[in-house]
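S.K.: Handing over final.cif, mmCIF, C-alpha atoms and all ligand atoms.
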```cif
data_my_file
#
loop_
_atom_site.group_PDB
_atom_site.id
_atom_site.type_symbol
_atom_site.label_atom_id
_atom_site.label_comp_id
_atom_site.auth_asym_id
_atom_site.auth_seq_id
_atom_site.Cartn_x
_atom_site.Cartn_y
_atom_site.Cartn_z
ATOM 1 C CA MET A 17 5.142 -9.784 -19.549
ATOM 2 C CA GLU A 18 8.353 -7.818 -19.388
ATOM 3 C CA GLU A 19 8.824 -5.137 -16.753
ATOM 4 C CA PHE A 20 9.215 -2.403 -19.365
ATOM 5 C CA GLN A 21 7.649 -2.428 -22.777
ATOM 6 C CA VAL A 22 6.743 0.247 -25.286
ATOM 7 C CA ILE A 23 3.441 -0.362 -27.006
ATOM 8 C CA ASP A 24 1.851 2.240 -29.243
ATOM 9 C CA HIS A 25 3.604 5.324 -27.722
ATOM 10 C CA CYS A 26 2.889 4.039 -24.212
ATOM 11 C CA LEU A 27 5.548 2.894 -21.805
ATOM 12 C CA MET A 28 4.095 -0.078 -19.938
ATOM 13 C CA VAL A 29 5.660 -0.540 -16.503
ATOM 14 C CA LYS A 30 4.889 -3.750 -14.698
ATOM 15 C CA LEU A 31 5.427 -2.957 -11.036
ATOM 16 C CA PRO A 32 6.704 -5.570 -8.569
ATOM 17 C CA LYS A 33 4.864 -7.386 -5.777
ATOM 18 C CA GLU A 34 5.974 -4.854 -3.194
ATOM 19 C CA VAL A 35 6.443 -1.266 -4.281
ATOM 20 C CA ASP A 36 8.596 0.318 -1.590
ATOM 21 C CA HIS A 37 11.767 2.393 -1.297
ATOM 22 C CA HIS A 38 13.841 -0.772 -1.743
ATOM 23 C CA GLN A 39 12.408 -1.203 -5.251
ATOM 24 C CA ALA A 40 11.544 2.360 -6.253
ATOM 25 C CA GLY A 41 14.911 3.676 -7.443
ATOM 26 C CA TYR A 42 15.297 0.923 -10.003
ATOM 27 C CA TYR A 43 11.870 1.567 -11.514
ATOM 28 C CA CYS A 44 12.340 5.346 -11.607
ATOM 29 C CA GLN A 45 15.673 5.113 -13.391
ATOM 30 C CA LYS A 46 14.582 2.483 -15.864
ATOM 31 C CA ALA A 47 11.340 4.275 -16.674
ATOM 32 C CA ASP A 48 13.167 7.556 -17.252
ATOM 33 C CA ALA A 49 15.529 5.930 -19.718
ATOM 34 C CA PHE A 50 12.477 4.981 -21.791
ATOM 35 C CA LEU A 51 10.813 8.375 -21.365
ATOM 36 C CA PHE A 52 13.823 9.945 -23.037
ATOM 37 C CA GLN A 53 12.762 8.378 -26.301
ATOM 38 C CA PRO A 54 10.683 10.828 -28.362
ATOM 39 C CA GLU A 55 8.211 8.154 -29.430
ATOM 40 C CA VAL A 56 7.165 7.486 -25.849
ATOM 41 C CA ASN A 57 4.349 9.825 -24.801
ATOM 42 C CA HIS A 58 2.351 8.089 -22.091
ATOM 43 C CA VAL A 59 2.989 5.808 -19.143
ATOM 44 C CA VAL A 60 0.902 2.880 -17.980
ATOM 45 C CA PHE A 61 1.634 1.476 -14.535
ATOM 46 C CA ASP A 62 0.440 -2.090 -14.284
ATOM 47 C CA PHE A 63 -0.306 -3.183 -10.716
ATOM 48 C CA GLU A 64 -1.358 -6.718 -11.576
ATOM 49 C CA ASP A 65 1.411 -8.282 -9.466
ATOM 50 C CA THR A 66 1.384 -5.608 -6.779
ATOM 51 C CA GLU A 67 0.167 -6.557 -3.329
ATOM 52 C CA PHE A 68 1.710 -3.685 -1.437
ATOM 53 C CA MET A 69 2.638 -0.077 -2.091
ATOM 54 C CA ASP A 70 3.695 2.724 0.251
ATOM 55 C CA SER A 71 4.553 6.396 -0.309
ATOM 56 C CA SER A 72 7.578 5.346 -2.378
ATOM 57 C CA GLY A 73 5.125 4.322 -5.083
ATOM 58 C CA ILE A 74 3.585 7.789 -5.029
ATOM 59 C CA GLY A 75 7.075 9.127 -5.720
ATOM 60 C CA ILE A 76 7.501 6.833 -8.725
ATOM 61 C CA ILE A 77 4.170 7.839 -10.245
ATOM 62 C CA MET A 78 4.377 11.534 -9.366
ATOM 63 C CA GLY A 79 7.915 11.860 -10.741
ATOM 64 C CA ARG A 80 6.945 10.332 -14.091
ATOM 65 C CA TYR A 81 3.761 12.396 -14.180
ATOM 66 C CA LYS A 82 5.722 15.623 -13.757
ATOM 67 C CA LYS A 83 7.976 14.645 -16.652
ATOM 68 C CA ILE A 84 5.333 13.800 -19.209
ATOM 69 C CA ALA A 85 2.259 15.846 -18.237
ATOM 70 C CA PRO A 86 3.772 19.161 -19.469
ATOM 71 C CA LEU A 87 4.222 17.507 -22.863
ATOM 72 C CA GLY A 88 0.609 16.404 -22.937
ATOM 73 C CA GLY A 89 1.354 12.865 -21.824
ATOM 74 C CA LYS A 90 -1.005 10.860 -19.657
ATOM 75 C CA VAL A 91 -0.391 8.455 -16.820
ATOM 76 C CA TYR A 92 -2.578 5.413 -16.381
ATOM 77 C CA ALA A 93 -2.863 2.884 -13.576
ATOM 78 C CA ILE A 94 -4.278 -0.521 -14.415
ATOM 79 C CA ASN A 95 -5.128 -3.656 -12.442
ATOM 80 C CA VAL A 96 -5.232 -1.626 -9.241
ATOM 81 C CA GLY A 97 -5.947 -3.675 -6.119
ATOM 82 C CA LYS A 98 -7.580 -2.518 -2.906
ATOM 83 C CA GLN A 99 -4.494 -1.540 -0.930
ATOM 84 C CA VAL A 100 -2.960 0.350 -3.849
ATOM 85 C CA LYS A 101 -6.281 2.101 -4.523
ATOM 86 C CA ARG A 102 -6.413 3.445 -0.968
ATOM 87 C CA ILE A 103 -2.894 4.819 -1.278
ATOM 88 C CA LEU A 104 -3.712 6.476 -4.596
ATOM 89 C CA ASP A 105 -6.932 7.955 -3.214
ATOM 90 C CA LEU A 106 -5.458 9.203 0.066
ATOM 91 C CA SER A 107 -2.537 10.885 -1.661
ATOM 92 C CA GLY A 108 -4.763 12.588 -4.221
ATOM 93 C CA MET A 109 -2.995 10.737 -7.047
ATOM 94 C CA SER A 110 -6.278 9.298 -8.294
ATOM 95 C CA LYS A 111 -7.156 12.777 -9.538
ATOM 96 C CA LEU A 112 -4.050 13.043 -11.703
ATOM 97 C CA LEU A 113 -4.149 9.536 -13.085
ATOM 98 C CA GLU A 114 -6.533 7.622 -15.210
ATOM 99 C CA VAL A 115 -7.246 4.657 -12.971
ATOM 100 C CA LEU A 116 -8.633 1.880 -15.107
ATOM 101 C CA MET B 16 -5.301 -16.818 21.116
ATOM 102 C CA ASN B 17 -8.069 -14.426 22.087
ATOM 103 C CA GLY B 18 -8.254 -10.716 22.739
ATOM 104 C CA LYS B 19 -6.745 -11.110 26.177
ATOM 105 C CA MET B 20 -3.522 -12.464 24.811
ATOM 106 C CA GLU B 21 -0.553 -10.229 25.485
ATOM 107 C CA ASN B 22 2.672 -10.384 23.560
ATOM 108 C CA GLU B 23 5.804 -8.403 22.937
ATOM 109 C CA MET B 24 8.446 -8.464 20.211
ATOM 110 C CA GLU B 25 11.604 -6.470 19.726
ATOM 111 C CA LEU B 26 13.622 -6.366 16.534
ATOM 112 C CA LEU B 27 16.898 -4.591 15.908
ATOM 113 C CA PHE B 28 17.984 -4.477 12.306
ATOM 114 C CA ASP B 29 20.385 -2.713 9.957
ATOM 115 C CA ALA B 30 19.075 0.481 8.393
ATOM 116 C CA ILE B 31 19.134 -0.836 4.834
ATOM 117 C CA SER B 32 16.268 -0.852 2.369
ATOM 118 C CA TYR B 33 16.083 -4.648 2.282
ATOM 119 C CA ASN B 34 14.788 -4.561 5.847
ATOM 120 C CA GLU B 35 11.709 -2.497 4.971
ATOM 121 C CA GLY B 36 10.120 -5.730 3.770
ATOM 122 C CA LEU B 37 11.428 -7.595 6.779
ATOM 123 C CA ALA B 38 9.742 -5.146 9.161
ATOM 124 C CA ARG B 39 6.416 -5.443 7.321
ATOM 125 C CA VAL B 40 6.469 -9.222 7.395
ATOM 126 C CA ALA B 41 7.429 -9.226 11.075
ATOM 127 C CA VAL B 42 4.602 -6.943 12.198
ATOM 128 C CA ALA B 43 2.103 -8.831 10.029
ATOM 129 C CA ALA B 44 3.132 -12.120 11.646
ATOM 130 C CA PHE B 45 3.020 -10.527 15.076
ATOM 131 C CA VAL B 46 -0.651 -9.507 14.787
ATOM 132 C CA SER B 47 -1.749 -12.596 12.892
ATOM 133 C CA ASN B 48 -3.037 -14.439 15.948
ATOM 134 C CA LEU B 49 -5.625 -11.681 16.390
ATOM 135 C CA ASN B 50 -7.128 -12.812 13.102
ATOM 136 C CA PRO B 51 -6.971 -9.288 11.617
ATOM 137 C CA THR B 52 -8.915 -8.302 8.518
ATOM 138 C CA LEU B 53 -6.962 -7.911 5.285
ATOM 139 C CA GLU B 54 -7.498 -4.174 5.522
ATOM 140 C CA GLU B 55 -6.137 -3.989 9.062
ATOM 141 C CA LEU B 56 -3.092 -5.970 7.990
ATOM 142 C CA ALA B 57 -2.511 -3.637 5.060
ATOM 143 C CA ASP B 58 -2.897 -0.590 7.336
ATOM 144 C CA VAL B 59 -0.368 -1.842 9.855
ATOM 145 C CA LYS B 60 2.122 -2.898 7.186
ATOM 146 C CA THR B 61 1.868 0.457 5.430
ATOM 147 C CA ALA B 62 2.347 2.470 8.624
ATOM 148 C CA VAL B 63 5.361 0.374 9.654
ATOM 149 C CA SER B 64 6.828 0.594 6.169
ATOM 150 C CA GLU B 65 6.595 4.399 6.285
ATOM 151 C CA ALA B 66 8.228 4.760 9.696
ATOM 152 C CA VAL B 67 11.015 2.279 8.932
ATOM 153 C CA THR B 68 11.709 3.812 5.522
ATOM 154 C CA ASN B 69 11.926 7.245 7.128
ATOM 155 C CA ALA B 70 14.433 5.961 9.681
ATOM 156 C CA ILE B 71 16.552 4.461 6.904
ATOM 157 C CA ILE B 72 16.526 7.292 4.381
ATOM 158 C CA HIS B 73 16.074 10.394 6.515
ATOM 159 C CA GLY B 74 17.455 9.254 9.856
ATOM 160 C CA TYR B 75 20.594 7.584 8.559
ATOM 161 C CA GLY B 76 20.722 8.943 5.023
ATOM 162 C CA ASN B 77 20.873 5.463 3.495
ATOM 163 C CA VAL B 78 19.068 6.471 0.365
ATOM 164 C CA GLU B 79 20.154 3.614 -1.862
ATOM 165 C CA GLY B 80 17.583 0.978 -2.653
ATOM 166 C CA TYR B 81 18.003 -2.270 -4.466
ATOM 167 C CA ALA B 82 19.655 -1.346 -7.738
ATOM 168 C CA GLY B 83 17.852 -3.863 -9.889
ATOM 169 C CA LYS B 84 18.073 -7.552 -10.582
ATOM 170 C CA GLY B 85 21.112 -9.340 -9.269
ATOM 171 C CA ARG B 86 22.560 -6.419 -7.379
ATOM 172 C CA PRO B 87 21.339 -6.344 -3.818
ATOM 173 C CA VAL B 88 24.102 -3.985 -2.745
ATOM 174 C CA GLN B 89 23.274 -2.716 0.697
ATOM 175 C CA LYS B 90 26.115 -0.815 2.179
ATOM 176 C CA PRO B 91 26.527 2.925 2.526
ATOM 177 C CA ALA B 92 28.812 4.221 -0.204
ATOM 178 C CA ASP B 93 31.483 5.618 2.099
ATOM 179 C CA GLY B 94 31.966 2.314 3.916
ATOM 180 C CA LYS B 95 30.480 3.450 7.226
ATOM 181 C CA LYS B 96 28.061 1.304 9.241
ATOM 182 C CA PRO B 97 24.407 1.685 8.190
ATOM 183 C CA GLY B 98 23.058 2.271 11.703
ATOM 184 C CA LYS B 99 20.277 0.331 13.425
ATOM 185 C CA VAL B 100 16.523 0.597 13.511
ATOM 186 C CA ARG B 101 14.677 -0.712 16.555
ATOM 187 C CA MET B 102 11.107 -1.910 16.254
ATOM 188 C CA LEU B 103 9.162 -2.767 19.387
ATOM 189 C CA CYS B 104 5.688 -4.293 19.047
ATOM 190 C CA LYS B 105 3.236 -4.902 21.869
ATOM 191 C CA LEU B 106 -0.173 -6.468 21.969
ATOM 192 C CA GLU B 107 -2.267 -5.335 24.888
ATOM 193 C CA ARG B 108 -6.013 -5.980 25.135
ATOM 194 C CA GLY B 109 -6.382 -6.240 21.395
ATOM 195 C CA VAL B 110 -4.437 -3.028 20.782
ATOM 196 C CA LEU B 111 -1.271 -3.146 18.720
ATOM 197 C CA LYS B 112 1.421 -0.719 19.822
ATOM 198 C CA VAL B 113 4.458 -0.165 17.630
ATOM 199 C CA LEU B 114 7.542 1.866 18.404
ATOM 200 C CA ILE B 115 10.138 2.554 15.737
ATOM 201 C CA GLU B 116 13.367 4.199 16.763
ATOM 202 C CA ASP B 117 16.489 5.381 15.024
ATOM 203 C CA ARG B 118 19.608 7.108 16.349
ATOM 204 C CA GLY B 119 19.962 9.156 13.237
ATOM 205 C CA LYS B 120 19.949 12.837 12.502
ATOM 206 C CA GLY B 121 16.582 13.692 14.040
ATOM 207 C CA ILE B 122 13.926 16.200 13.003
ATOM 208 C CA VAL B 123 14.233 19.924 13.657
ATOM 209 C CA ASN B 124 10.524 20.757 13.428
ATOM 210 C CA VAL B 125 8.287 17.739 14.034
ATOM 211 C CA GLY B 126 5.047 19.653 13.499
ATOM 212 C CA LYS B 127 6.191 20.844 10.103
ATOM 213 C CA ALA B 128 7.537 17.399 9.148
ATOM 214 C CA MET B 129 4.153 15.814 9.862
ATOM 215 C CA GLU B 130 2.259 18.099 7.503
ATOM 216 C CA PRO B 131 1.032 16.260 4.404
ATOM 217 C CA LEU B 132 3.215 16.899 1.329
ATOM 218 C CA PHE B 133 6.076 18.294 3.402
ATOM 219 C CA THR B 134 9.371 16.693 2.467
ATOM 220 C CA THR B 135 12.997 17.679 2.825
ATOM 221 C CA ARG B 136 13.989 15.266 0.042
ATOM 222 C CA PRO B 137 12.130 16.077 -3.169
ATOM 223 C CA ASP B 138 15.448 15.209 -4.862
ATOM 224 C CA LEU B 139 14.833 11.570 -3.895
ATOM 225 C CA GLU B 140 11.284 11.660 -5.281
ATOM 226 C CA ARG B 141 9.766 11.573 -1.817
ATOM 227 C CA SER B 142 6.261 12.969 -1.702
ATOM 228 C CA GLY B 143 5.832 13.947 1.931
ATOM 229 C CA MET B 144 2.999 11.493 2.507
ATOM 230 C CA GLY B 145 4.648 9.127 4.992
ATOM 231 C CA PHE B 146 3.381 10.685 8.222
ATOM 232 C CA ALA B 147 -0.018 11.324 6.612
ATOM 233 C CA PHE B 148 -0.333 7.611 5.867
ATOM 234 C CA MET B 149 0.749 6.620 9.381
ATOM 235 C CA GLU B 150 -1.878 8.971 10.752
ATOM 236 C CA ALA B 151 -4.576 7.705 8.405
ATOM 237 C CA PHE B 152 -3.923 4.019 8.921
ATOM 238 C CA MET B 153 -3.357 3.939 12.681
ATOM 239 C CA ASP B 154 -5.532 5.226 15.548
ATOM 240 C CA ASP B 155 -2.766 7.183 17.203
ATOM 241 C CA LEU B 156 0.626 8.575 16.184
ATOM 242 C CA GLN B 157 3.227 10.296 18.375
ATOM 243 C CA VAL B 158 6.608 11.485 17.157
ATOM 244 C CA GLU B 159 9.485 12.388 19.411
ATOM 245 C CA SER B 160 12.699 13.659 17.884
ATOM 246 C CA ALA B 161 15.793 15.671 18.621
ATOM 247 C CA PRO B 162 18.343 16.859 16.056
ATOM 248 C CA GLY B 163 21.537 14.847 16.304
ATOM 249 C CA VAL B 164 19.952 12.328 18.678
ATOM 250 C CA GLY B 165 17.324 10.440 16.715
ATOM 251 C CA THR B 166 13.631 9.840 16.257
ATOM 252 C CA ILE B 167 11.006 7.708 17.958
ATOM 253 C CA VAL B 168 7.666 7.059 16.299
ATOM 254 C CA ARG B 169 4.895 5.545 18.424
ATOM 255 C CA MET B 170 1.725 4.263 16.817
ATOM 256 C CA GLN B 171 -1.214 2.236 17.976
ATOM 257 C CA LYS B 172 -4.225 0.587 16.515
ATOM 258 C CA LYS B 173 -7.151 -1.309 17.947
ATOM 259 C CA MET B 174 -7.560 -4.566 16.065
ATOM 260 C CA THR B 175 -11.054 -5.892 15.414
ATOM 261 C CA ASN B 176 -10.034 -9.286 16.734
ATOM 262 C CA ASP B 177 -12.855 -11.476 15.444
ATOM 263 C CA PRO B 178 -13.454 -14.009 18.200
ATOM 264 C CA TRP B 179 -13.305 -16.969 15.850
ATOM 265 C CA ILE B 180 -12.237 -19.385 18.545
ATOM 266 C CA GLU B 181 -15.269 -18.600 20.685
ATOM 267 C CA VAL B 182 -17.561 -18.965 17.675
ATOM 268 C CA ALA B 183 -16.092 -22.356 16.922
ATOM 269 C CA GLN B 184 -16.818 -23.621 20.430
HETATM 270 N N1 LIG C 201 13.281 9.170 11.180
HETATM 271 C C1 LIG C 201 13.495 10.393 10.671
HETATM 272 N N2 LIG C 201 14.687 11.030 10.842
HETATM 273 C C2 LIG C 201 14.911 12.260 10.328
HETATM 274 N N3 LIG C 201 13.996 12.960 9.621
HETATM 275 C C3 LIG C 201 12.792 12.377 9.417
HETATM 276 C C4 LIG C 201 12.469 11.086 9.928
HETATM 277 N N4 LIG C 201 11.195 10.804 9.571
HETATM 278 C C5 LIG C 201 10.749 11.851 8.873
HETATM 279 N N5 LIG C 201 11.690 12.813 8.774
HETATM 280 C C6 LIG C 201 11.528 14.135 8.126
HETATM 281 O O1 LIG C 201 10.142 14.398 7.974
HETATM 282 C C7 LIG C 201 9.821 14.648 6.607
HETATM 283 C C8 LIG C 201 8.428 14.132 6.293
HETATM 284 O O2 LIG C 201 8.373 12.717 6.394
HETATM 285 P P1 LIG C 201 7.279 11.932 5.526
HETATM 286 O O3 LIG C 201 7.480 10.482 5.705
HETATM 287 O O4 LIG C 201 5.919 12.467 5.817
HETATM 288 O O5 LIG C 201 7.623 12.370 4.028
HETATM 289 P P2 LIG C 201 8.877 11.912 3.144
HETATM 290 O O6 LIG C 201 9.557 10.744 3.757
HETATM 291 O O7 LIG C 201 9.701 13.107 2.867
HETATM 292 O O8 LIG C 201 8.142 11.451 1.786
HETATM 293 P P3 LIG C 201 7.370 10.043 1.578
HETATM 294 O O9 LIG C 201 7.210 9.393 2.905
HETATM 295 O O10 LIG C 201 6.065 10.438 0.975
HETATM 296 O O11 LIG C 201 8.197 9.277 0.647
HETATM 297 C C9 LIG C 201 10.938 14.017 5.818
HETATM 298 O O12 LIG C 201 11.105 14.616 4.553
HETATM 299 C C10 LIG C 201 12.135 14.216 6.743
HETATM 300 O O13 LIG C 201 12.673 15.503 6.597
HETATM 301 MG MG MG C 202 8.551 9.083 4.411
#
```
Translate the structure of the given file into structure tokens.
Ligand SMILES: Nc1ncnc2c1ncn2[C@@H]1O[C@H](COP(=O)(O)OP(=O)(O)OP(=O)(O)O)[C@@H](O)[C@H]1O
Ligand SMILES: [Mg+2]

M.R.:
Amino acid sequence: MEEFQVIDHCLMVKLPKEVDHHQAGYYCQKADAFLFQPEVNHVVFDFEDTEFMDSSGIGIIMGRYKKIAPLGGKVYAINVGKQVKRILDLSGMSKLLEVL
Amino acid sequence: MNGKMENEMELLFDAISYNEGLARVAVAAFVSNLNPTLEELADVKTAVSEAVTNAIIHGYGNVEGYAGKGRPVQKPADGKKPGKVRMLCKLERGVLKVLIEDRGKGIVNVGKAMEPLFTTRPDLERSGMGFAFMEAFMDDLQVESAPGVGTIVRMQKKMTNDPWIEVAQ
């Protein structure tokens, strides 16, 4: 699957193996370019390949959430592994996201 | 390779985002002979990643990450040196001790900085969770800092250290 794909008004973002500050800027910028498009309403973060995430990942998700939530958009997290789940839970992000 | 094993490792590396992964791999390898659980490994890697990332982006202001495929540019824009991060790891009686030091800009109010959700860089999409994660994932966290001098983060964690060698005997 491609890193960024728009399917049915949802931007699908396939996150890398390690989501850290080294990677974060690229994903934020790219995602925002897609979110500009009026037909994109929701974001799905796919963690299938992700083995590690630190607070930089919270920044990626939170930043996109703040952009689309006021417009009624939703943020989803799918294929969430154990380590990522703990980070989402501890940071309170699990309450803002739909974790599937 | 049992709980009595003592070991020490010191790493000095450039304060560039590429080395966040390097530091995680190094600390994971360092504790591996204690046969840590996957969760313990994840905890230690996360805590180290937070402290090292803070040194790089806050301490030295090297905010640039990897700019996407095929462009691993890793030098500060104005051509100055990136600065160094020192990571010292010790294994003593099954306890991992990690020290992460930078000679960067330092923290004015450490107590405030350690509060969850406090960040001085919302512009960089930081969430203020770094110290909270270090605290949650390690048994002990101490931060020493002086403006204009730098920051030292000390963390420790008791590793379960399954005695697999003894069991095998
Ligand atoms: N090594 C350091 N040098 C200078 N300032 C630091 C250092 N480490 C932390 N700080 C300061 O402490 C604040 C809180 O750090 P913390 O890691 O908790 O959050 P953050 O880095 O801002 O966000 P996050 O870690 O969630 O991405 C930072 O915003 C920064 O001002
Ligand atoms: Mg931080």

S.K.: Tell me as an mmCIF file with C-alpha atoms, keeping the file's coordinate frame which residues belonging to chain A come within 7 Å of chain B, counting all atoms listed in the file.

M.R.:
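What ended up in iface_27.cif:
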```cif
data_model
loop_
_atom_site.group_PDB
_atom_site.id
_atom_site.type_symbol
_atom_site.label_atom_id
_atom_site.label_comp_id
_atom_site.auth_asym_id
_atom_site.auth_seq_id
_atom_site.Cartn_x
_atom_site.Cartn_y
_atom_site.Cartn_z
ATOM 1 C CA HIS A 37 11.767 2.393 -1.297
ATOM 2 C CA HIS A 38 13.841 -0.772 -1.743
ATOM 3 C CA GLN A 39 12.408 -1.203 -5.251
ATOM 4 C CA GLY A 41 14.911 3.676 -7.443
ATOM 5 C CA TYR A 42 15.297 0.923 -10.003
ATOM 6 C CA ASP A 70 3.695 2.724 0.251
ATOM 7 C CA SER A 71 4.553 6.396 -0.309
ATOM 8 C CA SER A 72 7.578 5.346 -2.378
ATOM 9 C CA ILE A 74 3.585 7.789 -5.029
ATOM 10 C CA GLY A 75 7.075 9.127 -5.720
ATOM 11 C CA GLY A 79 7.915 11.860 -10.741
ATOM 12 C CA GLN A 99 -4.494 -1.540 -0.930
ATOM 13 C CA SER A 107 -2.537 10.885 -1.661
#
```

S.K.: Running the PyMOL selection byres (((chain B and resi 108-119) around 8) and not hetatm) on this model by hand, what would come out? Give it as a ChimeraX atom specification.

M.R.: /B:18-21,46,49,66-67,70,73-75,98-107,120-121,163-176

S.K.: Could those selected residues go to a file with C-alpha atoms, as a PDB file, in the frame of the given file?

M.R.:
```pdb
ATOM      1  CA  GLY B  18      -8.254 -10.716  22.739  1.00  0.00           C
ATOM      2  CA  LYS B  19      -6.745 -11.110  26.177  1.00  0.00           C
ATOM      3  CA  MET B  20      -3.522 -12.464  24.811  1.00  0.00           C
ATOM      4  CA  GLU B  21      -0.553 -10.229  25.485  1.00  0.00           C
ATOM      5  CA  VAL B  46      -0.651  -9.507  14.787  1.00  0.00           C
ATOM      6  CA  LEU B  49      -5.625 -11.681  16.390  1.00  0.00           C
ATOM      7  CA  ALA B  66       8.228   4.760   9.696  1.00  0.00           C
ATOM      8  CA  VAL B  67      11.015   2.279   8.932  1.00  0.00           C
ATOM      9  CA  ALA B  70      14.433   5.961   9.681  1.00  0.00           C
ATOM     10  CA  HIS B  73      16.074  10.394   6.515  1.00  0.00           C
ATOM     11  CA  GLY B  74      17.455   9.254   9.856  1.00  0.00           C
ATOM     12  CA  TYR B  75      20.594   7.584   8.559  1.00  0.00           C
ATOM     13  CA  GLY B  98      23.058   2.271  11.703  1.00  0.00           C
ATOM     14  CA  LYS B  99      20.277   0.331  13.425  1.00  0.00           C
ATOM     15  CA  VAL B 100      16.523   0.597  13.511  1.00  0.00           C
ATOM     16  CA  ARG B 101      14.677  -0.712  16.555  1.00  0.00           C
ATOM     17  CA  MET B 102      11.107  -1.910  16.254  1.00  0.00           C
ATOM     18  CA  LEU B 103       9.162  -2.767  19.387  1.00  0.00           C
ATOM     19  CA  CYS B 104       5.688  -4.293  19.047  1.00  0.00           C
ATOM     20  CA  LYS B 105       3.236  -4.902  21.869  1.00  0.00           C
ATOM     21  CA  LEU B 106      -0.173  -6.468  21.969  1.00  0.00           C
ATOM     22  CA  GLU B 107      -2.267  -5.335  24.888  1.00  0.00           C
ATOM     23  CA  LYS B 120      19.949  12.837  12.502  1.00  0.00           C
ATOM     24  CA  GLY B 121      16.582  13.692  14.040  1.00  0.00           C
ATOM     25  CA  GLY B 163      21.537  14.847  16.304  1.00  0.00           C
ATOM     26  CA  VAL B 164      19.952  12.328  18.678  1.00  0.00           C
ATOM     27  CA  GLY B 165      17.324  10.440  16.715  1.00  0.00           C
ATOM     28  CA  THR B 166      13.631   9.840  16.257  1.00  0.00           C
ATOM     29  CA  ILE B 167      11.006   7.708  17.958  1.00  0.00           C
ATOM     30  CA  VAL B 168       7.666   7.059  16.299  1.00  0.00           C
ATOM     31  CA  ARG B 169       4.895   5.545  18.424  1.00  0.00           C
ATOM     32  CA  MET B 170       1.725   4.263  16.817  1.00  0.00           C
ATOM     33  CA  GLN B 171      -1.214   2.236  17.976  1.00  0.00           C
ATOM     34  CA  LYS B 172      -4.225   0.587  16.515  1.00  0.00           C
ATOM     35  CA  LYS B 173      -7.151  -1.309  17.947  1.00  0.00           C
ATOM     36  CA  MET B 174      -7.560  -4.566  16.065  1.00  0.00           C
ATOM     37  CA  THR B 175     -11.054  -5.892  15.414  1.00  0.00           C
ATOM     38  CA  ASN B 176     -10.034  -9.286  16.734  1.00  0.00           C
TER      39      ASN B 176
END
```

S.K.: Between atom CA of Thr135 of chain B and atom P1 of ligand LIG 201 (chain C), what is the spacing in Å?

M.R.: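 Taking atom P1 of ligand LIG 201 (chain C) and atom CA of Thr135 of chain B, their separation equals 8.5 Å.
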
S.K.: Would you compute an axis-aligned box for segment 70-88 of chain A, covering every atom listed for it in the file with 3 Å of margin on each side, and report centre and edge lengths in Å to one decimal as JSON?

M.R.:
```
{"center_x": 4.3, "center_y": 10.9, "center_z": -11.3, "size_x": 13.4, "size_y": 22.4, "size_z": 29.2}
```

S.K.: Considering only C-alpha atoms, can you say which of A:Glu114, A:Ala49, A:Lys82, A:His25 comes closest to Phe61 of chain A?

M.R.: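 Closest to Phe61 of chain A, using only C-alpha atoms: A:Glu114.
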
S.K.: When distances are computed from all atoms listed in the file, which of A:Ala40, A:Phe50, A:Asp62, A:Asn57 shows the smallest separation from Asp24 of chain A?

M.R.: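 Of A:Ala40, A:Phe50, A:Asp62, A:Asn57, the one nearest Asp24 of chain A is A:Asn57, counting all atoms listed in the file.
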
S.K.: Please evaluate the PyMOL selection byres (((chain A and resi 93) around 8) and not hetatm) against the structure above and give the resulting residues as a ChimeraX atom specification.

M.R.: /A:60-63,91-92,94-96,113-116

S.K.: Output C-alpha atoms for every residue in the selection just made, as an mmCIF file, keeping the file's coordinate frame.

M.R.:
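So the final result, stored in selection-v9.cif, reads:
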```cif
data_model
loop_
_atom_site.group_PDB
_atom_site.id
_atom_site.type_symbol
_atom_site.label_atom_id
_atom_site.label_comp_id
_atom_site.auth_asym_id
_atom_site.auth_seq_id
_atom_site.Cartn_x
_atom_site.Cartn_y
_atom_site.Cartn_z
ATOM 1 C CA VAL A 60 0.902 2.880 -17.980
ATOM 2 C CA PHE A 61 1.634 1.476 -14.535
ATOM 3 C CA ASP A 62 0.440 -2.090 -14.284
ATOM 4 C CA PHE A 63 -0.306 -3.183 -10.716
ATOM 5 C CA VAL A 91 -0.391 8.455 -16.820
ATOM 6 C CA TYR A 92 -2.578 5.413 -16.381
ATOM 7 C CA ILE A 94 -4.278 -0.521 -14.415
ATOM 8 C CA ASN A 95 -5.128 -3.656 -12.442
ATOM 9 C CA VAL A 96 -5.232 -1.626 -9.241
ATOM 10 C CA LEU A 113 -4.149 9.536 -13.085
ATOM 11 C CA GLU A 114 -6.533 7.622 -15.210
ATOM 12 C CA VAL A 115 -7.246 4.657 -12.971
ATOM 13 C CA LEU A 116 -8.633 1.880 -15.107
#
```

S.K.: Give me, as a PyMOL selection string, all polymer residues having an atom no more than 12 Å from Leu87 of chain A, counting only C-alpha atoms and skipping those fewer than 3 positions away in the same chain.

M.R.: chain A and resi 51+54+56-58+80-84+90-91

S.K.: May I have the residues from that selection written out with C-alpha atoms, as a PDB file, keeping the file's coordinate frame?

M.R.:
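Written out: again27.pdb:
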```
ATOM      1  CA  LEU A  51      10.813   8.375 -21.365  1.00  0.00           C
ATOM      2  CA  PRO A  54      10.683  10.828 -28.362  1.00  0.00           C
ATOM      3  CA  VAL A  56       7.165   7.486 -25.849  1.00  0.00           C
ATOM      4  CA  ASN A  57       4.349   9.825 -24.801  1.00  0.00           C
ATOM      5  CA  HIS A  58       2.351   8.089 -22.091  1.00  0.00           C
ATOM      6  CA  ARG A  80       6.945  10.332 -14.091  1.00  0.00           C
ATOM      7  CA  TYR A  81       3.761  12.396 -14.180  1.00  0.00           C
ATOM      8  CA  LYS A  82       5.722  15.623 -13.757  1.00  0.00           C
ATOM      9  CA  LYS A  83       7.976  14.645 -16.652  1.00  0.00           C
ATOM     10  CA  ILE A  84       5.333  13.800 -19.209  1.00  0.00           C
ATOM     11  CA  LYS A  90      -1.005  10.860 -19.657  1.00  0.00           C
ATOM     12  CA  VAL A  91      -0.391   8.455 -16.820  1.00  0.00           C
TER      13      VAL A  91
END
```
